[in-house]
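Beneath this line is the structure, given in structure tokens, with notes to follow.
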2 protein chains.
Amino acid sequence: MLNDIRAPLEQICQRVDGTFAVTVMGLDGLPVDTVHHEHVPEGTDVASLLVEYSNLISQVKRSAQMFAAGGLEELSIRSENLTTIIRTINKDYFLAIALGNHGNFGKGRYMLRVNAPKLAEIL
Amino acid sequence: MLNDIRAPLEQICQRVDGTFAVTVMGLDGLPVDTVHHEHVPEGTDVASLLVEYSNLISQVKRSAQMFAAGGLEELSIRSENLTTIIRTINKDYFLAIALGNHGNFGKGRYMLRVNAPKLAEIL
């Protein structure tokens, strides 16, 4: 199973300029698989940041459902040094990319949107 | 002051297809000014959703700073019926747009990026 997950992650890294890492993670913050790509700016801890962000997802989901905005599809967070895009795979897992702000945000969103359904078939 | 704030909000509504509302809000969840535009899907409560999301911002800011991702610039949340883009104005205020998923996401991001510095001069 891990091989099937790894292939789309590697493809995303290769196709999206400026990618630091791509990961499949549980909503509990446990990573299923991660592929690291470009060198991350010194001091930036992408892995810990993603775990931290995973805590937010449940909260955002709850708020969105409460006010009839519907199920959460995508969450993106742009900070000074790093942009993170998170895409829901199913109720337990999400796919996330961390990229530099020189990276291609639109391509990142596109690649997650295309690959999330493929991963949903596996997970 | 409120007139100076209202003008950019109206401009964003007019320029971004599919906009439900544009707002300037404090990080405490208190809206400074809001312009409503297209009709919102029944049952969706954009105003309450934005207050709810404002609670997230402080959390995201803390996480991003903790792991050296830098200051928060933009947060976007796409749900089934609604996309929200939030842009930091300064440490106390943010600018947000709620738009339908038929709306122009890229144009929305662009208009917030351009207008946030103008609002920062006023607030």
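The way I read the labels, and the way they are meant: chains A, B, ... in the order of the structure tokens, residue 1 as the first residue of every chain, and ligand 1 as the first ligand shown, with later ones counted on from there.
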Chain B residues within 12 Å of chain A, counting only C-alpha atoms: which ones, as a PyMOL selection string? chain B and resi 40-88+98-101+105-106+109+113
Residue set, chain A restricted to strand (DSSP E or B), as a ChimeraX atom specification: /A:19-26,31-36,72-79,83-88,93-99
Could you work out how far CA of Cys13 (chain A) lies from CA of Asp92 (chain A), giving the answer in Å with one decimal? 22.9 Å
Give the alpha helix (DSSP H) residues of region 24-116 of chain A, as DSSP finds them on the backbone, and put them as an NGL selection string. :A and (46-66 or 105-116)
Next, write the just-selected residues to a file, as a PDB file, in the first residue's frame, keeping C-alpha atoms as the atom set.
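Output (result.pdb):
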```
ATOM      1  CA  VAL A  46       7.808  21.664   8.237  1.00  0.00           C
ATOM      2  CA  ALA A  47       6.965  18.328   9.866  1.00  0.00           C
ATOM      3  CA  SER A  48       5.964  19.904  13.198  1.00  0.00           C
ATOM      4  CA  LEU A  49       4.077  22.668  11.427  1.00  0.00           C
ATOM      5  CA  LEU A  50       1.975  20.130   9.544  1.00  0.00           C
ATOM      6  CA  VAL A  51       1.123  18.282  12.743  1.00  0.00           C
ATOM      7  CA  GLU A  52       0.118  21.609  14.257  1.00  0.00           C
ATOM      8  CA  TYR A  53      -2.027  22.480  11.253  1.00  0.00           C
ATOM      9  CA  SER A  54      -3.717  19.067  11.350  1.00  0.00           C
ATOM     10  CA  ASN A  55      -5.244  20.184  14.656  1.00  0.00           C
ATOM     11  CA  LEU A  56      -6.863  23.076  12.870  1.00  0.00           C
ATOM     12  CA  ILE A  57      -8.595  20.941  10.281  1.00  0.00           C
ATOM     13  CA  SER A  58     -11.117  19.388  12.659  1.00  0.00           C
ATOM     14  CA  GLN A  59     -11.959  22.839  13.949  1.00  0.00           C
ATOM     15  CA  VAL A  60     -12.406  24.314  10.471  1.00  0.00           C
ATOM     16  CA  LYS A  61     -14.552  21.334   9.467  1.00  0.00           C
ATOM     17  CA  ARG A  62     -16.815  21.860  12.457  1.00  0.00           C
ATOM     18  CA  SER A  63     -17.227  25.594  11.790  1.00  0.00           C
ATOM     19  CA  ALA A  64     -17.907  25.094   8.082  1.00  0.00           C
ATOM     20  CA  GLN A  65     -20.572  22.482   8.758  1.00  0.00           C
ATOM     21  CA  MET A  66     -22.171  24.504  11.548  1.00  0.00           C
ATOM     22  CA  PHE A 105       0.740  27.917  -5.749  1.00  0.00           C
ATOM     23  CA  GLY A 106      -1.787  27.322  -8.541  1.00  0.00           C
ATOM     24  CA  LYS A 107       0.011  24.208  -9.751  1.00  0.00           C
ATOM     25  CA  GLY A 108       0.220  22.967  -6.161  1.00  0.00           C
ATOM     26  CA  ARG A 109      -3.545  23.325  -5.690  1.00  0.00           C
ATOM     27  CA  TYR A 110      -4.152  21.604  -9.004  1.00  0.00           C
ATOM     28  CA  MET A 111      -1.884  18.645  -8.255  1.00  0.00           C
ATOM     29  CA  LEU A 112      -3.519  18.069  -4.857  1.00  0.00           C
ATOM     30  CA  ARG A 113      -7.005  18.269  -6.382  1.00  0.00           C
ATOM     31  CA  VAL A 114      -6.090  15.682  -9.004  1.00  0.00           C
ATOM     32  CA  ASN A 115      -4.279  13.307  -6.657  1.00  0.00           C
ATOM     33  CA  ALA A 116      -6.564  13.344  -3.605  1.00  0.00           C
TER      34      ALA A 116
END
```
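With CA of Arg6 (chain A) on one side and CA of Thr34 (chain A) on the other, the separation reads 7.9 Å.
Picture a line from CA of Gly26 (chain B) to CA of Tyr93 (chain B); it runs 4.3 Å.
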Within 10 Å of His39 (chain A) using only C-alpha atoms, minus same-chain residues under 6 positions, as a VMD selection string: chain A and resid 18 to 21 100
Can I get the selected residues back with N, CA and C atoms, as an mmCIF file, in the first residue's frame?
```cif
data_model
loop_
_atom_site.group_PDB
_atom_site.id
_atom_site.type_symbol
_atom_site.label_atom_id
_atom_site.label_comp_id
_atom_site.auth_asym_id
_atom_site.auth_seq_id
_atom_site.Cartn_x
_atom_site.Cartn_y
_atom_site.Cartn_z
ATOM 1 N N GLY A 18 9.352 24.525 -6.344
ATOM 2 C CA GLY A 18 9.461 25.139 -5.016
ATOM 3 C C GLY A 18 8.921 24.291 -3.883
ATOM 4 N N THR A 19 8.640 22.996 -4.159
ATOM 5 C CA THR A 19 8.093 22.131 -3.118
ATOM 6 C C THR A 19 9.146 21.731 -2.084
ATOM 7 N N PHE A 20 8.833 21.921 -0.808
ATOM 8 C CA PHE A 20 9.704 21.451 0.274
ATOM 9 C C PHE A 20 9.345 20.014 0.641
ATOM 10 N N ALA A 21 8.047 19.742 0.782
ATOM 11 C CA ALA A 21 7.611 18.395 1.171
ATOM 12 C C ALA A 21 6.154 18.164 0.804
ATOM 13 N N GLY A 100 7.823 26.819 -0.941
ATOM 14 C CA GLY A 100 8.377 28.155 -0.728
ATOM 15 C C GLY A 100 7.482 29.176 -1.414
#
```
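Among the candidate residues B:Met1, B:Val16, B:Ala96, B:Val24, the one lying nearest to His37 (chain B) is B:Val16, with distances computed using only C-alpha atoms.
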Give me, as number ranges by chain, all polymer residues having an atom no more than 10 Å from Ile122 (chain A), counting only C-alpha atoms and skipping those fewer than 6 positions away in the same chain. A: 1-2, 4-5
Got time to write the residues from that selection, all heavy atoms, as a PDB file, in the first residue's frame?
```pdb
ATOM      1  N   MET A   1       0.824  -1.210   0.000  1.00  0.00           N
ATOM      2  CA  MET A   1       0.000   0.000   0.000  1.00  0.00           C
ATOM      3  C   MET A   1       0.862   1.266   0.000  1.00  0.00           C
ATOM      4  O   MET A   1       0.580   2.233  -0.703  1.00  0.00           O
ATOM      5  CB  MET A   1      -0.929   0.008   1.221  1.00  0.00           C
ATOM      6  CG  MET A   1      -1.952   1.138   1.175  1.00  0.00           C
ATOM      7  SD  MET A   1      -2.945   1.308   2.693  1.00  0.00           S
ATOM      8  CE  MET A   1      -1.973   2.437   3.662  1.00  0.00           C
ATOM      9  N   LEU A   2       1.979   1.219   0.758  1.00  0.00           N
ATOM     10  CA  LEU A   2       2.805   2.415   0.890  1.00  0.00           C
ATOM     11  C   LEU A   2       3.412   2.827  -0.458  1.00  0.00           C
ATOM     12  O   LEU A   2       3.599   4.007  -0.728  1.00  0.00           O
ATOM     13  CB  LEU A   2       3.893   2.179   1.941  1.00  0.00           C
ATOM     14  CG  LEU A   2       4.392   3.430   2.663  1.00  0.00           C
ATOM     15  CD1 LEU A   2       3.277   4.263   3.255  1.00  0.00           C
ATOM     16  CD2 LEU A   2       5.381   3.069   3.742  1.00  0.00           C
ATOM     17  N   ASP A   4       1.927   2.522  -3.350  1.00  0.00           N
ATOM     18  CA  ASP A   4       0.864   3.200  -4.095  1.00  0.00           C
ATOM     19  C   ASP A   4       0.698   4.636  -3.635  1.00  0.00           C
ATOM     20  O   ASP A   4       0.309   5.510  -4.409  1.00  0.00           O
ATOM     21  CB  ASP A   4      -0.474   2.470  -3.908  1.00  0.00           C
ATOM     22  CG  ASP A   4      -0.410   1.051  -4.460  1.00  0.00           C
ATOM     23  OD1 ASP A   4       0.404   0.823  -5.377  1.00  0.00           O
ATOM     24  OD2 ASP A   4      -1.157   0.188  -3.970  1.00  0.00           O
ATOM     25  N   ILE A   5       0.981   4.862  -2.365  1.00  0.00           N
ATOM     26  CA  ILE A   5       0.862   6.223  -1.826  1.00  0.00           C
ATOM     27  C   ILE A   5       2.072   7.054  -2.238  1.00  0.00           C
ATOM     28  O   ILE A   5       1.957   8.219  -2.591  1.00  0.00           O
ATOM     29  CB  ILE A   5       0.738   6.187  -0.282  1.00  0.00           C
ATOM     30  CG1 ILE A   5      -0.608   5.558   0.098  1.00  0.00           C
ATOM     31  CG2 ILE A   5       0.860   7.576   0.323  1.00  0.00           C
ATOM     32  CD1 ILE A   5      -0.803   5.353   1.576  1.00  0.00           C
TER      33      ILE A   5
END
```
